[in-house]
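Containing mmCIF, C-alpha atoms: structure_39.cif.
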data_coords
loop_
_atom_site.label_atom_id
_atom_site.label_comp_id
_atom_site.auth_asym_id
_atom_site.auth_seq_id
_atom_site.Cartn_x
_atom_site.Cartn_y
_atom_site.Cartn_z
CA MET A 1 75.12 160.80 -87.07
CA ASN A 2 73.54 158.28 -89.41
CA LEU A 3 73.29 159.97 -92.80
CA LEU A 4 71.90 156.92 -94.59
CA ARG A 5 68.65 155.06 -94.13
CA LYS A 6 68.28 151.40 -94.94
CA GLN A 7 65.01 149.59 -95.64
CA SER A 8 62.92 152.44 -94.25
CA SER A 9 59.18 151.84 -94.53
CA ARG A 10 58.58 155.59 -94.96
CA LYS A 11 58.97 156.90 -98.49
CA PRO A 12 61.89 159.34 -98.36
CA TYR A 13 60.56 161.78 -100.97
CA TYR A 14 62.15 165.23 -101.15
CA THR A 15 63.08 167.64 -103.91
CA ARG A 16 66.83 167.60 -104.38
CA LYS A 17 67.95 171.19 -104.68
CA ALA A 18 70.63 172.31 -107.14
CA HIS A 19 72.99 172.80 -104.21
CA HIS A 20 76.11 173.67 -106.24
CA ALA A 21 74.41 175.99 -108.75
CA GLY A 22 75.89 179.46 -108.65
CA SER A 23 79.34 178.20 -107.66
CA TRP A 24 80.24 175.08 -109.64
CA TYR A 25 78.05 176.08 -112.58
CA PRO A 26 75.68 178.98 -113.46
CA ASN A 27 72.40 179.16 -111.58
CA ASN A 28 70.75 181.23 -114.29
CA SER A 29 68.79 179.03 -116.72
CA HIS A 30 69.58 181.08 -119.82
CA THR A 31 73.28 181.41 -119.02
CA LEU A 32 73.65 177.71 -118.19
CA ASN A 33 71.74 176.62 -121.28
CA GLU A 34 73.87 178.88 -123.48
CA ASN A 35 77.11 177.64 -121.90
CA LEU A 36 76.15 173.99 -122.39
CA SER A 37 75.06 174.67 -125.96
CA ASN A 38 78.45 176.23 -126.71
CA VAL A 39 80.53 173.37 -125.31
CA MET A 40 78.33 170.71 -126.92
CA THR A 41 78.48 172.44 -130.30
CA ALA A 42 82.26 172.66 -130.03
CA ALA A 43 82.45 168.98 -129.08
CA GLN A 44 80.15 168.03 -131.96
CA ASN A 45 82.33 169.89 -134.45
CA GLU A 46 85.47 168.22 -133.13
CA MET A 47 83.83 164.77 -133.19
CA LEU A 48 82.76 165.31 -136.79
CA LEU A 49 86.32 166.24 -137.68
CA GLN A 50 87.64 163.13 -135.93
CA SER A 51 85.15 160.90 -137.75
CA THR A 52 86.71 161.86 -141.07
CA THR A 53 90.22 160.94 -139.97
CA GLU A 54 89.73 158.05 -137.55
CA GLU A 55 88.12 154.65 -137.76
CA GLY A 56 85.86 153.60 -134.92
CA ASP A 57 82.80 151.58 -133.95
CA ASP A 58 80.47 154.58 -133.70
CA ASP A 59 77.41 153.13 -135.40
CA GLY A 60 75.94 151.28 -132.45
CA VAL A 61 73.22 152.59 -130.16
CA PRO A 62 74.70 154.60 -127.25
CA ARG A 63 74.21 152.71 -123.98
CA GLY A 64 76.28 154.69 -121.52
CA ILE A 65 79.01 157.22 -120.89
CA ILE A 66 81.84 158.10 -118.55
CA ALA A 67 81.93 161.83 -117.73
CA PRO A 68 83.84 164.12 -115.33
CA HIS A 69 82.25 166.03 -112.47
CA ALA A 70 84.39 169.08 -111.72
CA GLY A 71 83.13 172.64 -112.02
CA TYR A 72 82.03 173.37 -115.57
CA SER A 73 84.79 175.94 -116.11
CA TYR A 74 87.23 173.05 -115.65
CA SER A 75 85.54 169.94 -117.03
CA GLY A 76 82.36 171.05 -118.78
CA SER A 77 83.97 171.11 -122.21
CA THR A 78 85.22 167.54 -121.68
CA ALA A 79 81.88 166.24 -120.38
CA ALA A 80 80.16 167.66 -123.47
CA TYR A 81 81.84 165.02 -125.64
CA ALA A 82 80.18 162.27 -123.64
CA TYR A 83 76.75 163.89 -123.50
CA LEU A 84 76.51 164.01 -127.27
CA ALA A 85 75.81 160.27 -126.89
CA LEU A 86 72.86 160.82 -124.55
CA GLN A 87 71.48 163.40 -126.96
CA GLU A 88 71.85 160.87 -129.77
CA MET A 89 70.18 158.13 -127.75
CA LEU A 90 67.19 160.30 -126.82
CA SER A 91 66.77 161.46 -130.42
CA SER A 92 66.85 157.92 -131.77
CA SER A 93 64.41 156.77 -129.08
CA SER A 94 61.87 159.32 -130.35
CA SER A 95 61.21 157.05 -133.33
CA SER A 96 61.39 153.79 -131.38
CA SER A 97 59.07 151.95 -129.03
CA ILE A 98 60.83 153.22 -125.91
CA VAL A 99 58.27 155.17 -123.87
CA THR A 100 60.37 155.99 -120.79
CA CYS A 101 64.14 156.38 -120.61
CA THR A 102 65.92 156.19 -117.27
CA VAL A 103 69.39 157.64 -116.86
CA LEU A 104 71.15 155.65 -114.16
CA VAL A 105 73.88 157.82 -112.59
CA LEU A 106 76.57 155.91 -110.71
CA HIS A 107 78.68 158.37 -108.75
CA PRO A 108 81.22 158.19 -105.90
CA SER A 109 80.99 159.58 -102.39
CA HIS A 110 83.28 162.46 -101.42
CA HIS A 111 81.81 163.32 -98.00
CA VAL A 112 80.28 160.19 -96.46
CA TYR A 113 82.06 156.92 -95.80
CA LEU A 114 79.90 154.24 -97.34
CA LYS A 115 80.70 150.53 -97.55
CA GLY A 116 78.01 149.79 -100.09
CA CYS A 117 75.67 151.59 -102.47
CA ALA A 118 73.00 154.16 -101.63
CA ILE A 119 70.14 155.31 -103.86
CA SER A 120 68.93 158.90 -103.90
CA GLY A 121 65.84 159.41 -101.78
CA ALA A 122 64.60 162.30 -103.91
CA SER A 123 61.37 162.44 -105.87
CA THR A 124 62.67 165.17 -108.17
CA ILE A 125 66.09 166.50 -109.16
CA GLU A 126 66.11 170.27 -109.59
CA THR A 127 68.33 171.90 -112.21
CA PRO A 128 68.38 175.53 -113.42
CA ILE A 129 67.16 174.25 -116.81
CA GLU A 130 64.32 171.84 -116.01
CA PRO A 131 63.61 169.45 -113.11
CA ILE A 132 64.04 165.72 -113.67
CA PRO A 133 61.75 163.17 -111.99
CA ILE A 134 63.18 160.11 -110.23
CA ASP A 135 62.44 156.60 -111.46
CA ASP A 136 60.64 155.48 -108.30
CA ASP A 137 59.78 152.05 -109.69
CA LEU A 138 63.41 151.19 -110.37
CA ARG A 139 64.43 152.56 -106.99
CA SER A 140 61.86 150.31 -105.28
CA GLU A 141 63.02 147.33 -107.32
CA LEU A 142 66.65 147.77 -106.31
CA HIS A 143 65.81 148.66 -102.71
CA LYS A 144 63.83 145.45 -102.29
CA THR A 145 66.98 143.42 -102.93
CA GLY A 146 68.20 144.55 -99.49
CA SER A 147 71.58 145.53 -100.95
CA PHE A 148 71.01 149.29 -101.18
CA SER A 149 70.67 152.06 -98.62
CA ILE A 150 68.70 155.25 -99.24
CA MET A 151 70.39 158.64 -99.05
CA ASP A 152 68.83 161.41 -97.00
CA GLN A 153 68.54 164.91 -98.43
CA ASP A 154 71.63 166.41 -96.76
CA THR A 155 73.87 163.59 -97.98
CA ASP A 156 72.38 163.75 -101.45
CA GLU A 157 72.72 167.50 -101.87
CA ALA A 158 76.23 167.70 -100.43
CA GLU A 159 77.58 165.30 -103.06
CA HIS A 160 78.65 167.14 -106.22
CA SER A 161 79.65 164.17 -108.37
CA GLY A 162 76.05 163.31 -109.14
CA GLU A 163 74.83 166.88 -109.36
CA MET A 164 77.32 167.90 -112.03
CA GLN A 165 75.64 165.40 -114.39
CA TYR A 166 72.06 166.61 -113.93
CA PRO A 167 72.17 169.90 -115.89
CA PHE A 168 73.68 168.06 -118.87
CA ILE A 169 70.96 165.40 -118.64
CA SER A 170 68.23 168.04 -118.45
CA LYS A 171 69.80 169.94 -121.34
CA CYS A 172 69.89 166.86 -123.57
CA PHE A 173 66.24 166.10 -122.86
CA THR A 174 64.90 169.62 -123.38
CA ASP A 175 66.89 169.96 -126.61
CA THR A 176 65.44 166.67 -127.85
CA ILE A 177 61.92 167.89 -127.15
CA ASN A 178 62.54 171.22 -128.87
CA ASN A 179 64.18 169.59 -131.88
CA SER A 180 61.36 167.08 -132.29
CA LYS A 181 58.82 169.90 -132.31
CA SER A 182 60.71 172.06 -134.79
CA SER A 183 61.41 169.15 -137.18
CA SER A 184 57.79 168.03 -137.40
CA SER A 185 55.97 169.30 -140.49
CA SER A 186 52.54 168.59 -139.04
CA PRO A 187 50.93 167.34 -135.81
CA THR A 188 50.38 163.92 -137.38
CA THR A 189 54.09 163.41 -137.98
CA THR A 190 55.30 164.60 -134.59
CA THR A 191 57.90 162.32 -133.05
CA THR A 192 57.55 162.05 -129.29
CA PRO A 193 60.71 161.75 -127.17
CA PRO A 194 60.54 159.21 -124.37
CA LEU A 195 59.69 160.39 -120.88
CA LEU A 196 62.89 161.01 -118.98
CA ARG A 197 63.63 159.67 -115.51
CA VAL A 198 66.85 159.59 -113.51
CA LEU A 199 68.11 157.40 -110.68
CA PRO A 200 71.32 158.44 -108.90
CA ILE A 201 73.23 155.76 -106.99
CA MET A 202 76.15 156.61 -104.72
CA VAL A 203 78.81 153.91 -104.90
CA GLY A 204 80.94 153.75 -101.77
CA ALA A 205 84.24 152.18 -100.83
CA LEU A 206 83.71 148.63 -102.09
CA SER A 207 85.92 145.61 -101.83
CA THR A 208 86.74 143.76 -105.03
CA THR A 209 84.22 141.12 -104.01
CA GLN A 210 81.53 143.77 -103.53
CA GLU A 211 82.33 145.30 -106.91
CA VAL A 212 81.66 141.91 -108.51
CA GLU A 213 78.49 141.36 -106.49
CA PHE A 214 76.98 144.76 -107.25
CA GLY A 215 77.99 144.39 -110.89
CA LYS A 216 76.17 141.07 -111.19
CA LEU A 217 73.17 142.47 -109.33
CA MET A 218 72.86 145.45 -111.65
CA ALA A 219 73.71 143.67 -114.90
CA PRO A 220 70.09 142.81 -115.83
CA VAL A 221 69.05 146.42 -115.23
CA LEU A 222 71.84 147.82 -117.39
CA ALA A 223 70.86 145.48 -120.22
CA ARG A 224 67.36 146.96 -120.50
CA PRO A 225 67.02 149.02 -123.69
CA ASN A 226 65.45 151.98 -121.84
CA ILE A 227 68.39 152.31 -119.40
CA PHE A 228 71.25 154.70 -120.14
CA VAL A 229 74.20 154.68 -117.72
CA VAL A 230 76.30 157.65 -116.63
CA ILE A 231 79.51 156.89 -114.75
CA SER A 232 80.66 160.01 -112.92
CA THR A 233 84.40 160.26 -112.32
CA ASP A 234 87.46 162.42 -112.60
CA PHE A 235 90.83 160.85 -113.21
CA CYS A 236 94.24 161.57 -111.64
CA HIS A 237 94.27 164.09 -108.78
CA TRP A 238 97.94 165.08 -108.64
CA GLY A 239 99.62 167.28 -106.03
CA ASP A 240 100.41 167.63 -102.36
CA ARG A 241 96.83 168.59 -101.53
CA PHE A 242 95.71 165.22 -102.92
CA ARG A 243 98.57 163.34 -101.21
CA TYR A 244 99.52 161.87 -104.55
CA SER A 245 102.49 163.22 -106.49
CA PRO A 246 104.56 160.52 -108.26
CA THR A 247 106.99 161.79 -110.89
CA PRO A 248 108.73 160.29 -113.94
CA THR A 249 112.01 160.08 -112.03
CA GLU A 250 110.57 157.79 -109.38
CA SER A 251 110.78 154.03 -109.75
CA THR A 252 107.09 153.20 -110.11
CA GLY A 253 107.29 150.53 -112.76
CA ILE A 254 104.98 152.45 -115.09
CA THR A 255 105.69 151.69 -118.72
CA ILE A 256 103.54 152.27 -121.78
CA PRO A 257 104.24 150.69 -125.18
CA SER A 258 104.45 153.19 -128.01
CA SER A 259 101.43 151.53 -129.60
CA SER A 260 99.13 152.29 -126.67
CA SER A 261 96.65 155.18 -126.50
CA SER A 262 97.93 158.30 -128.20
CA SER A 263 99.12 161.20 -126.09
CA SER A 264 98.11 164.78 -126.81
CA SER A 265 101.30 166.14 -125.22
CA SER A 266 103.60 168.21 -127.38
CA SER A 267 106.84 166.55 -128.43
CA SER A 268 108.65 169.80 -127.72
CA ASP A 269 108.21 169.13 -124.02
CA THR A 270 109.75 165.66 -124.18
CA THR A 271 113.24 166.59 -125.37
CA ASN A 272 115.95 168.82 -123.98
CA GLY A 273 118.49 170.81 -125.90
CA GLY A 274 120.70 167.77 -126.42
CA GLY A 275 117.91 165.72 -127.94
CA GLN A 276 117.57 163.49 -124.89
CA GLN A 277 114.13 162.40 -123.74
CA HIS A 278 112.76 164.35 -120.78
CA GLU A 279 109.17 163.80 -119.74
CA GLN A 280 107.27 166.59 -118.03
CA ILE A 281 105.14 165.67 -115.01
CA TYR A 282 101.87 166.48 -116.79
CA GLN A 283 102.85 164.12 -119.62
CA TYR A 284 103.62 161.44 -117.06
CA ILE A 285 100.17 161.97 -115.49
CA GLU A 286 98.52 161.53 -118.87
CA ARG A 287 100.44 158.34 -119.52
CA LEU A 288 99.36 157.05 -116.12
CA ASP A 289 95.72 157.93 -116.82
CA ARG A 290 95.77 156.35 -120.24
CA ILE A 291 96.87 152.99 -118.82
CA GLY A 292 93.69 153.03 -116.76
CA MET A 293 91.62 154.27 -119.70
CA ASP A 294 92.97 151.39 -121.81
CA HIS A 295 91.97 148.85 -119.15
CA ILE A 296 88.50 150.39 -118.93
CA SER A 297 88.13 150.26 -122.72
CA MET A 298 89.05 146.57 -122.67
CA GLN A 299 86.07 146.02 -120.32
CA GLN A 300 88.07 143.63 -118.16
CA PRO A 301 87.24 144.38 -114.50
CA GLY A 302 90.08 142.23 -113.24
CA ALA A 303 92.63 144.17 -115.27
CA PHE A 304 91.29 147.49 -113.98
CA ALA A 305 91.39 146.20 -110.40
CA THR A 306 95.02 145.16 -110.87
CA TYR A 307 95.85 148.56 -112.36
CA MET A 308 94.36 150.34 -109.35
CA LYS A 309 96.26 148.08 -106.97
CA ASP A 310 99.57 148.55 -108.78
CA TYR A 311 99.47 152.27 -109.51
CA LYS A 312 97.00 153.60 -106.92
CA ASN A 313 95.88 156.32 -109.32
CA THR A 314 93.57 158.78 -107.60
CA ILE A 315 90.53 158.11 -109.80
CA CYS A 316 87.70 159.19 -107.51
CA GLY A 317 85.07 157.21 -109.41
CA ARG A 318 87.04 153.97 -109.41
CA ALA A 319 84.25 152.12 -107.56
CA PRO A 320 81.46 153.18 -109.95
CA ILE A 321 83.74 152.25 -112.86
CA ALA A 322 84.46 148.84 -111.33
CA VAL A 323 80.77 148.09 -110.72
CA TYR A 324 79.96 149.12 -114.28
CA LEU A 325 82.75 146.98 -115.75
CA ASN A 326 81.58 143.96 -113.77
CA ALA A 327 77.99 144.53 -114.92
CA ILE A 328 78.74 144.82 -118.61
CA ASP A 329 81.19 141.92 -118.39
CA THR A 330 78.43 139.79 -116.84
CA ASN A 331 76.08 140.66 -119.69
CA LYS A 332 78.80 139.90 -122.23
CA GLN A 333 79.60 136.50 -120.69
CA LYS A 334 75.91 135.59 -120.66
CA GLY A 335 75.46 136.64 -124.26
CA VAL A 336 72.93 139.32 -123.26
CA GLU A 337 74.69 142.40 -124.58
CA GLN A 338 78.13 143.34 -125.86
CA LEU A 339 79.47 146.88 -125.91
CA HIS A 340 82.27 148.85 -127.53
CA LEU A 341 83.69 151.43 -125.12
CA ARG A 342 85.90 154.23 -126.43
CA PHE A 343 87.37 157.31 -124.80
CA VAL A 344 86.70 160.38 -126.92
CA LYS A 345 88.27 163.21 -124.91
CA TYR A 346 91.01 163.75 -122.33
CA ALA A 347 92.06 166.97 -120.59
CA GLN A 348 93.80 168.28 -117.49
CA SER A 349 92.99 171.30 -115.33
CA GLY A 350 96.57 172.47 -115.74
CA GLN A 351 100.00 171.36 -116.88
CA VAL A 352 102.06 170.21 -113.90
CA ARG A 353 105.74 171.03 -114.30
CA SER A 354 106.90 171.15 -110.67
CA ARG A 355 105.98 169.74 -107.28
CA GLN A 356 104.40 173.07 -106.37
CA ASP A 357 101.72 172.56 -109.02
CA SER A 358 98.56 170.47 -108.90
CA SER A 359 96.01 169.22 -111.40
CA VAL A 360 92.96 167.03 -111.94
CA SER A 361 92.45 164.97 -115.09
CA TYR A 362 89.16 164.62 -116.97
CA ALA A 363 88.09 162.04 -119.53
CA SER A 364 84.93 161.21 -121.43
CA ALA A 365 84.00 157.85 -122.92
CA ILE A 366 81.04 156.45 -124.84
CA ALA A 367 79.77 152.85 -124.70
CA ARG A 368 77.82 151.62 -127.73
CA LYS A 369 76.02 148.38 -128.41
CA LEU A 370 77.73 146.08 -130.89
#
Would you encode the structure as structure tokens?
Amino acid sequence: MNLLRKQSSRKPYYTRKAHHAGSWYPNNSHTLNENLSNVMTAAQNEMLLQSTTEEGDDDGVPRGIIAPHAGYSYSGSTAAYAYLALQEMLSSSSSSSIVTCTVLVLHPSHHVYLKGCAISGASTIETPIEPIPIDDDLRSELHKTGSFSIMDQDTDEAEHSGEMQYPFISKCFTDTINNSKSSSSSPTTTTTPPLLRVLPIMVGALSTTQEVEFGKLMAPVLARPNIFVVISTDFCHWGDRFRYSPTPTESTGITIPSSSSSSSSSSSDTTNGGGQQHEQIYQYIERLDRIGMDHISMQQPGAFATYMKDYKNTICGRAPIAVYLNAIDTNKQKGVEQLHLRFVKYAQSGQVRSRQDSSVSYASAIARKL
């Protein structure tokens, strides 16, 4: 059955239902809003604490994020760190000339084999908080290039990796509206947030050549000041059920200099009674993930492609990441825009200590304009 339409002359408008609400996240508006408020407040407090102890390039305008897409009980607290940047961007846009902001969501495909990229065919994205309209103009612009298919409703709604971003996006927008109203002393001083639009794009199984091509194609779009990019991905899926379970004792060639990204693992788990080094599997997984995170932060698509080839880490959003890296690298090489990309949170669904265990890793990153 053909689940994707390409170059259809009929407008494929439909309302995308919140298909995973009630299972992956609350379907009650009040409960969901409260849950997201709690995790975002906790993330904000932690980020403020970090800002007093760490140096970083956090003054630039937020231009995009990397966020996980598991059920909120697993990854919601990690995603919150990234979405503080969207909240910041929308708030700052209230006092700028930006009238409409489009959140471009690049997400993988978990259910349909796709050798390209497919744009959502929806007219509206439903969330338990507030619906979000689609940027139809941008969809038409990209569709006219002939390089993009259009998803049908079943394909769109079955895919969770895009949907897990939408409640956060809606939350950030509604909070910005409410904050702008409450902070205004009079109607004449009211700051108006930009109109919010979203455009989800499913990124399929691309070759390295396709990753470069789509990156170059989308680079001019990503450089527009009213575009904010969300890259939806989880990191290592470890365990027999994922058919990926390397361990520290295996000869994989994975080495990390001591000066590389810091690990949050406890030192008590890395030594045995005799003082000898012994790495737990979950620590090994984190080290493996952080190699990839370092390559992403360097914004060198070739280095990330080599990493994926060498280590075969089960990063489900590797294709969206690769397209994004190629796009921002194109803009950098052309002198259009340069970004600083930093990971701000890392977590795992559980600590793997034996082959009977399994886990999924989550990470959030923020890209800011230099």
Output of the PyMOL selection byres ((chain A and resi 332) around 12), listed as a PyMOL selection string: chain A and resi 216+219-220+222-223+299-300+325-331+333-340+369-370
Matched chain/residue IDs from the PyMOL selection byres ((chain A and resi 208) around 10), as a PyMOL selection string: chain A and resi 205-207+209-213+301-302+305+319+322-323
For atom CA of Phe173 of chain A and atom CA of Met218 of chain A, the interatomic separation in Å (one decimal):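 Calculated distance between atom CA of Phe173 of chain A and atom CA of Met218 of chain A is 24.4 Å.
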Reference answer for the PyMOL selection byres ((chain A and resi 66) around 6), as a list of chain:residue names: A:Ile65, A:Ala67, A:Val230, A:Ile231, A:Ser364, A:Ala365
Those same residues, written as a PDB file, in the frame of the given file with C-alpha atoms?
ATOM      1  CA  ILE A  65      79.010 157.220-120.890  1.00  0.00           C
ATOM      2  CA  ALA A  67      81.930 161.830-117.730  1.00  0.00           C
ATOM      3  CA  VAL A 230      76.300 157.650-116.630  1.00  0.00           C
ATOM      4  CA  ILE A 231      79.510 156.890-114.750  1.00  0.00           C
ATOM      5  CA  SER A 364      84.930 161.210-121.430  1.00  0.00           C
ATOM      6  CA  ALA A 365      84.000 157.850-122.920  1.00  0.00           C
TER       7      ALA A 365
END
Spatial sel., origin (67.9, 164.4, -122.4), limit 6 Å, all atoms listed in the file, listed as number ranges by chain: A: 87, 169-173
Shortest interatomic distance to Leu86 of chain A - which of A:Pro62, A:Pro248, A:Pro193, A:Pro68, counting all atoms listed in the file: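 Between A:Pro62, A:Pro248, A:Pro193, A:Pro68, the residue approaching Leu86 of chain A most closely is A:Pro62.
Rounded to one decimal, atom CA of Met293 of chain A and atom CA of Ser361 of chain A lie 11.7 Å from each other.
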Which of A:Lys312, A:Lys181, A:Arg355, A:His295 sits closest to Phe343 of chain A [using all atoms listed in the file]: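 Ranked by minimum distance to Phe343 of chain A, first place goes to A:His295.
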Using all atoms listed in the file: which of A:His30, A:Ala82, A:Trp24, A:Arg241 has the shortest distance to Gln44 of chain A: A:Ala82
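Closest to Arg342 of chain A among A:Thr174, A:Ser120, A:Ser359, A:Ser297 is A:Ser297, based on all atoms listed in the file.
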Nearest candidate to Ile281 of chain A (options A:Ala363, A:Leu49, A:Val352, A:Ile227; using only C-alpha atoms):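 Using only C-alpha atoms, the shortest distance to Ile281 of chain A belongs to A:Val352.
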Between atom CA of Met40 of chain A and atom CA of Thr176 of chain A, distance in Å (one decimal): 13.5 Å
Shortest interatomic distance to Asp240 of chain A - which of A:Gln165, A:Cys117, A:Ser358, A:Tyr311, counting only C-alpha atoms: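 Between A:Gln165, A:Cys117, A:Ser358, A:Tyr311, the residue approaching Asp240 of chain A most closely is A:Ser358.
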Determine the axis-aligned bounding box of all atoms of segment 231-249 of chain A present in the file, pad each side by 6 Å, and express its centre and edge lengths in Å to one decimal place as AutoDock Vina command-line options.
--center_x 95.8 --center_y 162.7 --center_z -108.0 --size_x 44.5 --size_y 23.7 --size_z 25.5
